[in-house]
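Structure below is query27.cif: mmCIF, C-alpha atoms.
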```
data_target
#
loop_
_atom_site.label_atom_id
_atom_site.label_comp_id
_atom_site.auth_asym_id
_atom_site.auth_seq_id
_atom_site.Cartn_x
_atom_site.Cartn_y
_atom_site.Cartn_z
CA MET F 1 0.00 0.00 0.00
CA THR F 2 1.30 3.46 -0.91
CA VAL F 3 0.84 6.06 1.81
CA PRO F 4 -0.35 9.33 0.24
CA VAL F 5 1.59 12.53 0.89
CA SER F 6 0.47 16.12 0.58
CA ARG F 7 0.33 17.99 -2.70
CA ARG F 8 2.60 20.54 -1.07
CA VAL F 9 5.48 18.14 -0.63
CA GLN F 10 4.96 16.72 -4.11
CA ARG F 11 5.75 20.16 -5.53
CA VAL F 12 9.32 20.09 -4.22
CA LYS F 13 12.35 17.94 -4.96
CA PRO F 14 15.31 16.77 -2.88
CA SER F 15 18.35 19.04 -2.78
CA PRO F 16 20.69 18.11 -5.68
CA THR F 17 23.77 19.16 -3.71
CA LEU F 18 22.90 16.83 -0.86
CA ALA F 19 22.04 14.09 -3.36
CA VAL F 20 25.43 14.37 -5.09
CA THR F 21 27.26 14.32 -1.77
CA ALA F 22 25.31 11.27 -0.59
CA ARG F 23 25.90 9.42 -3.86
CA ALA F 24 29.65 10.09 -3.73
CA ALA F 25 29.70 8.79 -0.14
CA ARG F 26 27.87 5.61 -1.18
CA LEU F 27 30.32 4.97 -4.01
CA LYS F 28 33.26 5.48 -1.66
CA ALA F 29 31.70 3.02 0.79
CA GLN F 30 31.54 0.50 -2.07
CA GLY F 31 35.26 0.90 -2.60
CA LYS F 32 35.10 3.24 -5.60
CA ASP F 33 37.78 5.91 -5.93
CA VAL F 34 35.62 9.02 -5.97
CA ILE F 35 36.56 12.62 -5.21
CA GLY F 36 33.56 14.63 -4.05
CA LEU F 37 33.46 18.29 -5.05
CA GLY F 38 29.79 18.70 -4.25
CA ALA F 39 29.71 19.56 -0.57
CA GLY F 40 29.33 23.19 0.42
CA GLU F 41 31.21 23.23 3.69
CA PRO F 42 34.73 24.25 4.70
CA ASP F 43 37.26 21.45 5.09
CA PHE F 44 38.75 23.24 8.12
CA ASP F 45 37.92 22.34 11.69
CA THR F 46 35.98 24.82 13.79
CA PRO F 47 38.60 27.15 15.34
CA ALA F 48 39.73 25.88 18.74
CA HIS F 49 38.59 28.89 20.79
CA ILE F 50 35.06 28.55 19.37
CA ALA F 51 34.93 24.79 19.95
CA GLU F 52 36.15 25.34 23.51
CA ALA F 53 33.21 27.69 24.17
CA GLY F 54 30.87 24.85 23.20
CA ILE F 55 32.69 22.44 25.50
CA GLN F 56 32.48 24.89 28.37
CA ALA F 57 28.75 25.35 27.73
CA ILE F 58 28.26 21.60 28.14
CA ARG F 59 30.42 21.41 31.24
CA GLY F 60 28.65 24.41 32.71
CA GLY F 61 25.26 22.78 32.27
CA PHE F 62 24.02 25.18 29.60
CA THR F 63 22.00 22.37 28.03
CA ARG F 64 18.37 23.42 28.46
CA TYR F 65 15.84 25.27 26.35
CA THR F 66 16.54 28.92 25.61
CA ASN F 67 14.23 31.62 24.36
CA VAL F 68 12.89 30.62 20.95
CA ASP F 69 14.52 33.64 19.30
CA GLY F 70 17.95 33.19 20.89
CA ILE F 71 19.88 34.08 24.03
CA ASP F 72 20.48 37.76 24.75
CA GLU F 73 24.25 37.28 24.77
CA LEU F 74 24.20 36.02 21.19
CA LYS F 75 21.70 38.65 20.10
CA ASP F 76 24.04 41.34 21.42
CA ALA F 77 26.97 39.79 19.53
CA ILE F 78 24.87 39.77 16.35
CA ILE F 79 23.82 43.38 16.88
CA SER F 80 27.47 44.37 17.27
CA LYS F 81 28.43 42.39 14.16
CA PHE F 82 25.78 44.10 12.02
CA GLN F 83 26.85 47.53 13.28
CA ARG F 84 30.59 46.86 12.95
CA ASP F 85 30.59 45.14 9.56
CA ASN F 86 27.51 46.50 7.79
CA ALA F 87 26.62 49.81 9.52
CA ILE F 88 23.12 48.44 10.21
CA THR F 89 21.53 49.12 13.61
CA TYR F 90 19.14 46.65 15.24
CA GLU F 91 17.60 46.12 18.69
CA ARG F 92 17.20 42.75 20.39
CA ASN F 93 13.56 42.46 19.31
CA GLN F 94 14.74 42.72 15.70
CA ILE F 95 17.04 39.68 15.89
CA LEU F 96 16.12 36.02 15.36
CA VAL F 97 18.53 33.09 15.88
CA SER F 98 17.65 29.89 14.02
CA SER F 99 18.97 26.39 13.39
CA GLY F 100 20.93 27.51 10.36
CA ALA F 101 20.27 30.26 7.81
CA LYS F 102 18.23 27.74 5.81
CA GLN F 103 15.64 27.76 8.57
CA THR F 104 15.81 31.56 8.71
CA ILE F 105 14.94 31.79 5.01
CA TYR F 106 12.20 29.19 5.35
CA ASN F 107 10.72 31.17 8.27
CA LEU F 108 10.77 34.28 6.09
CA CYS F 109 8.95 32.59 3.20
CA MET F 110 6.32 31.19 5.55
CA ALA F 111 5.85 34.55 7.28
CA VAL F 112 5.49 36.62 4.10
CA LEU F 113 3.92 34.53 1.34
CA ASP F 114 0.24 33.75 0.88
CA PRO F 115 -1.02 31.33 -1.80
CA GLY F 116 -0.35 32.78 -5.24
CA ASP F 117 2.15 35.40 -4.07
CA GLU F 118 5.27 35.65 -6.21
CA ALA F 119 8.87 35.59 -5.01
CA ILE F 120 11.65 36.85 -7.28
CA ILE F 121 14.71 34.59 -7.16
CA PRO F 122 17.55 35.65 -9.50
CA ALA F 123 19.05 32.68 -11.34
CA PRO F 124 21.51 31.07 -10.91
CA TYR F 125 20.21 30.57 -7.38
CA TRP F 126 20.85 28.44 -4.33
CA VAL F 127 18.94 25.21 -4.90
CA SER F 128 16.63 25.53 -1.89
CA TYR F 129 15.12 28.94 -2.60
CA PRO F 130 12.43 27.92 -5.14
CA ASP F 131 11.36 24.90 -3.12
CA MET F 132 11.02 26.94 0.06
CA VAL F 133 8.77 29.33 -1.84
CA LEU F 134 6.71 26.42 -3.14
CA LEU F 135 6.36 24.97 0.36
CA ALA F 136 4.96 28.35 1.43
CA ASP F 137 2.42 28.13 -1.43
CA GLY F 138 4.19 30.91 -3.31
CA LEU F 139 5.28 31.07 -6.96
CA PRO F 140 8.98 31.45 -7.81
CA VAL F 141 9.83 33.96 -10.54
CA MET F 142 13.41 33.46 -11.72
CA PRO F 143 15.01 36.05 -14.02
CA PHE F 144 18.22 34.60 -15.45
CA ALA F 145 21.62 36.29 -15.55
CA GLY F 146 24.19 34.37 -17.56
CA MET F 147 27.95 34.52 -17.84
CA ALA F 148 27.85 37.49 -20.23
CA GLN F 149 26.49 39.70 -17.45
CA GLY F 150 28.56 38.19 -14.68
CA TYR F 151 25.63 36.12 -13.35
CA LYS F 152 24.03 39.29 -11.89
CA ILE F 153 20.59 40.59 -12.83
CA THR F 154 20.16 44.15 -14.03
CA PRO F 155 17.73 46.74 -12.64
CA ARG F 156 15.74 46.35 -15.86
CA GLN F 157 15.42 42.60 -15.32
CA LEU F 158 14.27 43.20 -11.77
CA ALA F 159 11.73 45.80 -12.83
CA THR F 160 10.24 43.60 -15.56
CA SER F 161 9.96 40.66 -13.14
CA ILE F 162 7.78 42.62 -10.71
CA THR F 163 4.01 42.17 -10.95
CA PRO F 164 1.11 43.09 -8.65
CA LYS F 165 1.58 39.64 -7.07
CA THR F 166 5.26 40.15 -6.18
CA ARG F 167 5.71 39.93 -2.43
CA LEU F 168 9.32 38.84 -1.85
CA LEU F 169 12.80 39.18 -3.34
CA LEU F 170 15.57 36.80 -2.26
CA LEU F 171 19.00 38.24 -3.05
CA ASN F 172 22.15 36.18 -2.46
CA SER F 173 25.50 37.97 -2.67
CA PRO F 174 28.13 36.55 -2.89
CA CYS F 175 26.09 33.93 -4.68
CA ASN F 176 26.01 30.19 -4.28
CA PRO F 177 26.70 28.75 -6.89
CA THR F 178 28.44 31.42 -8.99
CA GLY F 179 30.48 33.39 -6.47
CA ALA F 180 29.20 36.60 -8.09
CA ALA F 181 28.75 39.58 -5.77
CA TYR F 182 26.92 42.84 -6.39
CA THR F 183 28.92 46.03 -5.95
CA ARG F 184 27.61 48.92 -3.86
CA ALA F 185 26.65 50.77 -7.05
CA GLU F 186 24.83 47.74 -8.44
CA LEU F 187 22.92 47.27 -5.18
CA ARG F 188 21.99 50.94 -5.19
CA ALA F 189 20.62 50.59 -8.72
CA LEU F 190 18.52 47.55 -7.75
CA GLY F 191 17.39 49.42 -4.65
CA GLU F 192 16.09 52.32 -6.73
CA VAL F 193 13.74 49.85 -8.44
CA LEU F 194 12.61 48.36 -5.13
CA LEU F 195 11.89 51.79 -3.66
CA GLU F 196 9.13 52.11 -6.26
CA HIS F 197 7.42 48.97 -4.95
CA PRO F 198 6.79 49.32 -1.20
CA ARG F 199 4.88 46.03 -0.87
CA ILE F 200 7.95 43.90 -1.64
CA VAL F 201 9.86 42.40 1.29
CA ILE F 202 13.55 41.73 0.66
CA GLY F 203 15.59 38.90 2.12
CA THR F 204 19.34 39.35 1.65
CA ASP F 205 21.34 36.15 2.10
CA ASP F 206 24.83 37.32 3.11
CA MET F 207 26.07 33.91 4.24
CA TYR F 208 29.35 34.16 2.28
CA GLU F 209 30.12 37.73 3.33
CA LYS F 210 33.41 36.78 5.00
CA ILE F 211 34.61 34.52 2.15
CA PHE F 212 35.33 37.39 -0.18
CA PHE F 213 38.18 38.14 -2.58
CA ASP F 214 37.43 41.32 -4.56
CA ALA F 215 39.28 44.58 -4.04
CA GLU F 216 36.02 46.46 -3.44
CA PRO F 217 34.78 45.40 0.02
CA PHE F 218 31.63 43.35 0.49
CA CYS F 219 28.46 45.46 0.70
CA SER F 220 25.09 44.38 2.04
CA LEU F 221 21.91 45.73 0.47
CA LEU F 222 20.93 47.87 3.45
CA THR F 223 24.39 49.36 3.62
CA ALA F 224 23.91 50.62 0.06
CA VAL F 225 20.19 51.40 0.32
CA PRO F 226 19.32 52.25 3.96
CA GLU F 227 15.91 53.52 2.82
CA LEU F 228 14.82 49.86 2.54
CA TYR F 229 15.40 49.27 6.27
CA GLY F 230 11.70 48.91 7.08
CA ARG F 231 11.18 45.89 4.81
CA THR F 232 14.53 44.14 4.53
CA VAL F 233 15.62 41.04 6.46
CA THR F 234 19.42 40.72 6.53
CA ILE F 235 20.35 37.04 6.83
CA ASN F 236 23.68 35.53 7.84
CA GLY F 237 25.17 32.73 9.93
CA VAL F 238 28.35 31.21 11.31
CA SER F 239 28.43 28.04 9.20
CA LYS F 240 30.71 29.09 6.34
CA ALA F 241 32.94 31.83 7.72
CA TYR F 242 33.77 29.98 10.94
CA ALA F 243 33.70 26.38 9.66
CA MET F 244 30.66 25.64 11.84
CA THR F 245 28.28 23.93 9.42
CA GLY F 246 27.31 21.21 11.91
CA TRP F 247 26.66 23.65 14.75
CA ARG F 248 23.57 24.93 12.87
CA ILE F 249 23.37 28.61 13.75
CA GLY F 250 21.85 31.16 11.41
CA TYR F 251 20.55 34.59 12.29
CA CYS F 252 18.87 37.64 10.86
CA GLY F 253 17.91 41.20 11.62
CA GLY F 254 14.83 42.96 10.34
CA PRO F 255 11.61 44.83 11.10
CA LYS F 256 10.38 43.75 14.52
CA GLU F 257 6.88 42.82 13.32
CA LEU F 258 8.30 40.50 10.69
CA ILE F 259 10.91 39.06 13.05
CA GLN F 260 8.14 38.36 15.56
CA ALA F 261 6.11 36.53 12.89
CA MET F 262 9.15 34.48 11.88
CA GLY F 263 9.77 33.68 15.56
CA THR F 264 6.19 32.45 15.92
CA ILE F 265 6.70 30.05 13.01
CA GLN F 266 9.96 28.84 14.52
CA GLY F 267 8.29 28.39 17.90
CA GLN F 268 5.81 25.99 16.35
CA SER F 269 8.43 24.06 14.36
CA THR F 270 11.87 23.72 15.95
CA SER F 271 11.82 26.15 18.89
CA ASN F 272 15.27 27.44 19.86
CA ALA F 273 18.55 26.70 18.16
CA SER F 274 20.99 24.52 20.11
CA SER F 275 21.91 26.18 23.41
CA ILE F 276 25.48 24.89 23.15
CA SER F 277 25.88 26.15 19.59
CA GLN F 278 24.57 29.57 20.58
CA LYS F 279 27.30 29.89 23.20
CA ALA F 280 29.92 28.94 20.62
CA ALA F 281 28.48 31.43 18.13
CA VAL F 282 28.91 34.25 20.65
CA VAL F 283 32.64 33.57 20.69
CA ALA F 284 32.75 33.16 16.91
CA LEU F 285 31.25 36.61 16.31
CA SER F 286 32.92 38.43 19.19
CA GLY F 287 36.29 36.68 19.49
CA ASP F 288 39.49 36.42 17.49
CA GLN F 289 38.80 36.80 13.76
CA GLN F 290 42.25 35.72 12.56
CA PRO F 291 41.09 32.16 11.70
CA VAL F 292 38.58 33.67 9.27
CA ALA F 293 41.33 35.55 7.47
CA THR F 294 43.53 32.44 7.39
CA MET F 295 40.80 30.29 5.87
CA ASN F 296 39.88 33.05 3.42
CA ALA F 297 43.47 33.24 2.16
CA ALA F 298 43.43 29.49 1.52
CA PHE F 299 40.10 29.73 -0.32
CA LYS F 300 41.42 32.50 -2.56
CA GLU F 301 44.51 30.46 -3.47
CA ARG F 302 42.30 27.52 -4.33
CA ARG F 303 39.88 29.67 -6.32
CA ASP F 304 42.69 31.08 -8.42
CA TYR F 305 44.03 27.60 -9.15
CA VAL F 306 40.65 26.05 -9.94
CA VAL F 307 39.48 28.87 -12.21
CA ARG F 308 42.80 28.97 -14.05
CA THR F 309 42.76 25.21 -14.57
CA LEU F 310 39.12 25.05 -15.65
CA ASN F 311 39.71 27.74 -18.27
CA SER F 312 42.53 25.65 -19.71
CA LEU F 313 40.23 22.68 -20.37
CA PRO F 314 38.64 22.10 -23.78
CA GLY F 315 35.05 23.33 -23.95
CA VAL F 316 35.04 24.85 -20.45
CA SER F 317 34.80 28.49 -19.31
CA CYS F 318 34.74 29.83 -15.77
CA LEU F 319 34.58 33.32 -14.29
CA PRO F 320 36.48 33.99 -11.06
CA GLY F 321 33.92 34.47 -8.29
CA ALA F 322 34.14 37.47 -5.99
CA GLY F 323 33.45 35.21 -3.04
CA THR F 324 32.28 31.79 -1.75
CA PHE F 325 34.20 28.55 -2.21
CA TYR F 326 32.56 27.49 -5.48
CA ALA F 327 33.58 27.59 -9.13
CA PHE F 328 30.70 27.64 -11.59
CA ALA F 329 31.91 26.32 -14.92
CA GLU F 330 30.12 26.80 -18.23
CA VAL F 331 30.48 23.43 -20.00
CA SER F 332 28.02 23.54 -22.91
CA ARG F 333 30.76 23.24 -25.54
CA ALA F 334 32.31 20.27 -23.73
CA MET F 335 28.85 18.70 -23.42
CA ALA F 336 28.26 19.03 -27.15
CA ALA F 337 31.67 17.56 -27.99
CA LEU F 338 30.94 14.58 -25.74
CA ASN F 339 27.35 14.16 -27.00
CA CYS F 340 25.90 14.75 -23.54
CA ARG F 341 22.22 15.60 -23.63
CA ASP F 342 22.35 17.86 -20.59
CA ASP F 343 24.54 18.88 -17.67
CA GLY F 344 23.17 15.99 -15.61
CA GLU F 345 24.55 13.53 -18.14
CA PHE F 346 27.83 15.45 -18.22
CA ALA F 347 28.12 15.27 -14.42
CA GLU F 348 27.33 11.57 -14.59
CA LEU F 349 30.15 11.11 -17.09
CA LEU F 350 32.61 12.86 -14.77
CA LEU F 351 31.47 10.68 -11.87
CA ASN F 352 31.56 7.34 -13.67
CA ASP F 353 34.58 7.83 -15.93
CA ALA F 354 36.74 10.29 -13.98
CA GLY F 355 35.65 9.54 -10.43
CA VAL F 356 34.84 13.18 -9.67
CA ALA F 357 31.47 14.27 -8.26
CA VAL F 358 30.19 17.74 -9.23
CA VAL F 359 26.72 19.27 -9.09
CA PRO F 360 24.80 19.85 -12.37
CA GLY F 361 23.98 23.49 -13.02
CA SER F 362 20.33 22.78 -13.80
CA GLY F 363 19.71 22.39 -10.07
CA PHE F 364 20.71 26.04 -9.70
CA GLY F 365 18.58 27.23 -12.61
CA ALA F 366 21.56 27.34 -14.99
CA PRO F 367 21.63 24.49 -17.55
CA GLY F 368 24.95 23.90 -19.25
CA HIS F 369 26.98 24.48 -16.10
CA VAL F 370 28.46 22.46 -13.24
CA ARG F 371 29.37 23.62 -9.74
CA LEU F 372 32.63 22.52 -8.14
CA SER F 373 33.37 23.17 -4.48
CA PHE F 374 36.96 24.07 -3.67
CA ALA F 375 36.37 23.70 0.07
CA THR F 376 38.89 20.89 0.08
CA SER F 377 42.67 20.61 0.08
CA MET F 378 44.82 21.82 -2.79
CA SER F 379 46.18 18.31 -3.29
CA THR F 380 42.64 16.96 -3.64
CA LEU F 381 41.76 19.69 -6.12
CA GLU F 382 44.86 18.99 -8.17
CA LYS F 383 43.99 15.31 -8.29
CA ALA F 384 40.33 15.94 -9.19
CA LEU F 385 41.03 18.50 -11.90
CA GLY F 386 43.80 16.31 -13.28
CA ARG F 387 41.26 13.53 -13.74
CA ILE F 388 38.78 15.85 -15.46
CA ALA F 389 41.52 17.26 -17.69
CA ARG F 390 42.60 13.80 -18.81
CA LEU F 391 39.06 12.73 -19.57
CA LEU F 392 38.16 15.83 -21.57
CA SER F 393 41.46 15.93 -23.43
CA GLU F 394 41.23 12.28 -24.43
CA ARG F 395 37.54 12.25 -25.36
CA ILE F 396 37.30 15.63 -27.06
CA ALA F 397 40.63 15.29 -28.87
CA ALA F 398 39.51 11.88 -30.13
#
```
In structure tokens, write the structure found in this file.
Amino acid sequence: MTVPVSRRVQRVKPSPTLAVTARAARLKAQGKDVIGLGAGEPDFDTPAHIAEAGIQAIRGGFTRYTNVDGIDELKDAIISKFQRDNAITYERNQILVSSGAKQTIYNLCMAVLDPGDEAIIPAPYWVSYPDMVLLADGLPVMPFAGMAQGYKITPRQLATSITPKTRLLLLNSPCNPTGAAYTRAELRALGEVLLEHPRIVIGTDDMYEKIFFDAEPFCSLLTAVPELYGRTVTINGVSKAYAMTGWRIGYCGGPKELIQAMGTIQGQSTSNASSISQKAAVVALSGDQQPVATMNAAFKERRDYVVRTLNSLPGVSCLPGAGTFYAFAEVSRAMAALNCRDDGEFAELLLNDAGVAVVPGSGFGAPGHVRLSFATSMSTLEKALGRIARLLSERIAA
């Protein structure tokens, strides 16, 4: 007997990034020599002083429920971070701590969207955005920005995507999967469009703020367009910058009425984030930031190597991302030369014949691409890209 599930859950699909990572793990368990470049998490350990704060929280008995929206100590650290790094001022009742930024974004979708409301999600996009909108009974609208425009939408594209049903914009900069980041001037130009549409709520996903390589410093939307303060939720977390993916702490600041609504949703789903992880996050945000700089230097070295190598391969093009630890390679010419029907078949070829797992670009709304994570050692990257180079050179040359 088949147990029926809701129409809501039938509208969404499993995360392709998690699926690729799980498949690579299964093949490794079967004894296959597979290098996984799918996972989006730093290969570094959580810095020792942050881990020690978690240990001390356990030893000190800080193992009970906290307030749903987070402990005051962490809220104050978040408030200081937003003021210090982004020149954005919040009060405690404008801060929500969640079990990862993914939950923060899900809370936002559930708090804002009614059935039939539209959410603008620039493509390429993080794989979970459209499905979160669908779970909230909203409709994703996905204007596409290709390589020719640096994977960043223009103000004109934004304006033409807005309809009377538009309720939400999700903006990710630096972007997973492309690494593209909007400059202050580009954010200001997008903001001028949004100022004409006061009903639209904006969620800015700044998760990769600290993993940034461009000469012009990172800029958050509200830093560039403070006039949008009353309807913007600024989202961040400790997972990527501090190598704390498993600790599951995301956070946001925004209008208190909206933060309260998001907190109500969280209170009826997961309640508070881990008490122990919250204590560690306080130290991450307030303590020594040198480990962040050290990891960032390693990511930049890897990015430069990966992008340079990808651009040397037949049929492959790749722009250097301004941030994140991903390379987003355009592979349509290589696909055609290898008679691959789509990027999924191309990724399958790399997995089966080269032993390298990458994520097809279609999952990010960008067919003809693949995403490679360089959140792994240089030696692993050299080995993986060497395998891909041999495969493409042999097959395409033949």
- Message: For the provided coordinates, the residues matched by the PyMOL selection byres ((chain F and resi 75) around 9) should be stated as a list of chain:residue names.
- Response: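 On the file shown, the PyMOL selection byres ((chain F and resi 75) around 9) covers F:Asp69, F:Gly70, F:Ile71, F:Asp72, F:Glu73, F:Leu74, F:Asp76, F:Ala77, F:Ile78, F:Ile79, F:Ser80, F:Glu91, F:Arg92, F:Ile95, F:Leu96, F:Val97, F:Tyr251, F:Val282.
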What separates atom CA of F:Ser128 and atom CA of F:Lys165 is a distance of 21.3 Å
Exercise. Compile the contact shell of F:Leu187 as JSON, numbers by chain: residues with an atom at most 10 Å away, counting all atoms listed in the file, same-chain residues fewer than 6 positions apart removed.
Key: {"F": [154, 155, 173, 181, 219, 220, 221, 222, 223, 224, 225]}
I'd like the residues picked by the PyMOL selection byres ((chain F and resi 380) around 12) written out as number ranges by chain, using the chain letters and numbers from the file.
F: 34-37, 43, 302, 306, 356, 373-379, 381-387
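Proximity of F:Val358, F:Val5, F:Val201, F:Ala145 to F:Leu108, computed with all atoms listed in the file, is greatest for F:Val201.
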Tell me, in Å to one decimal, how far atom CA of F:Asp85 is from atom CA of F:Phe218.
->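 Between atom CA of F:Asp85 and atom CA of F:Phe218 the gap is 9.3 Å.
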Take atom CA of F:Gln289 and atom CA of F:Lys210 and report the distance between them in Å, one decimal.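 Distance reported for this atom pair: 10.3 Å.
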Quiz item: Got a sec to resolve the PyMOL selection byres ((chain F and resi 190) around 9) on this structure and send the residues as an MDAnalysis selection string?
Solution: chainID F and resid 153:156 158:159 185:189 191:195
- Item | Nearest-residue call for F:Glu330, choices F:Ala366, F:Ala87, F:Met110, F:Ala136, using all atoms listed in the file |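 Looking at the shortest contact to F:Glu330, the residue is F:Ala366.
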- Message: I'd like to know which of F:Pro217, F:Pro47, F:Gly315, F:Pro226 is closest to F:Gln290, using all atoms listed in the file.
- Response: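 Checking each candidate against F:Gln290, we get F:Pro47 as the closest.
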message: Can you pull out the residues contacting F:Arg11? Cut-off 9 Å, using all atoms listed in the file, and skip same-chain residues under 4 positions away; I want them as a list in words.
response: Arg7, Asp131, Leu134 and Leu135 of chain F
With a distance cut-off of 8 Å and only C-alpha atoms, select the neighbouring residues of stretch 63-68 of chain F, excluding the residue or stretch itself and same-chain residues fewer than 6 positions from it, and output the selection as an MDAnalysis selection string. chainID F and resid 57 97 263 266:267 271:273 275:276
Please, could you write that set of residues out with C-alpha atoms as an mmCIF file, in the coordinates of the input?
```
data_model
loop_
_atom_site.group_PDB
_atom_site.id
_atom_site.type_symbol
_atom_site.label_atom_id
_atom_site.label_comp_id
_atom_site.auth_asym_id
_atom_site.auth_seq_id
_atom_site.Cartn_x
_atom_site.Cartn_y
_atom_site.Cartn_z
ATOM 1 C CA ALA F 57 28.750 25.350 27.730
ATOM 2 C CA VAL F 97 18.530 33.090 15.880
ATOM 3 C CA GLY F 263 9.770 33.680 15.560
ATOM 4 C CA GLN F 266 9.960 28.840 14.520
ATOM 5 C CA GLY F 267 8.290 28.390 17.900
ATOM 6 C CA SER F 271 11.820 26.150 18.890
ATOM 7 C CA ASN F 272 15.270 27.440 19.860
ATOM 8 C CA ALA F 273 18.550 26.700 18.160
ATOM 9 C CA SER F 275 21.910 26.180 23.410
ATOM 10 C CA ILE F 276 25.480 24.890 23.150
#
```
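Proximity of F:Ala241, F:Val12, F:Met132, F:Ala22 to F:Thr294, computed with all atoms listed in the file, is greatest for F:Ala241.
Near (34.2, 37.8, -7.5), the residues inside the 7 Å limit, counting all atoms listed in the file, come to F:Gly179, F:Ala180, F:Ala181, F:Phe213, F:Asp214, F:Pro320, F:Gly321, F:Ala322, F:Gly323.
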Excluding F:Ser312 and residues on its chain fewer than 3 positions from it, collect all residues at most 12 Å away from it, counting all atoms listed in the file, and give them as a ChimeraX atom specification. /F:305-309,315-318,329,385-386,388-390,392-393
**Asked** Smallest atom-to-atom distance to F:Pro291: which of F:Thr163, F:Thr183, F:Thr46, F:Gln10, using all atoms listed in the file?
**Response**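 With all atoms listed in the file as the atom set, the closest residue is F:Thr46.
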F:Gly246 proximity check over F:Ser99, F:Thr324, F:Asn311, F:Asn339, using all atoms listed in the file: winner is F:Ser99
### Polymer residues at most 8 Å from F:Ala280, all atoms listed in the file, same-chain spacing of 3 or more positions, as a list in words
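Contacts, in chain order: Ile50, Ala51, Glu52, Ala53, Gly54, Ile276, Ser277, Val283 and Ala284 of chain F.
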Output as lines of an AutoDock Vina configuration file the centre and edge lengths (Å, one decimal) of the box along x, y and z of the file that holds every listed atom of stretch 374-383 of chain F after adding 5 Å on each side.
```
center_x = 41.3
center_y = 19.7
center_z = -4.1
size_x = 19.8
size_y = 18.8
size_z = 18.4
```
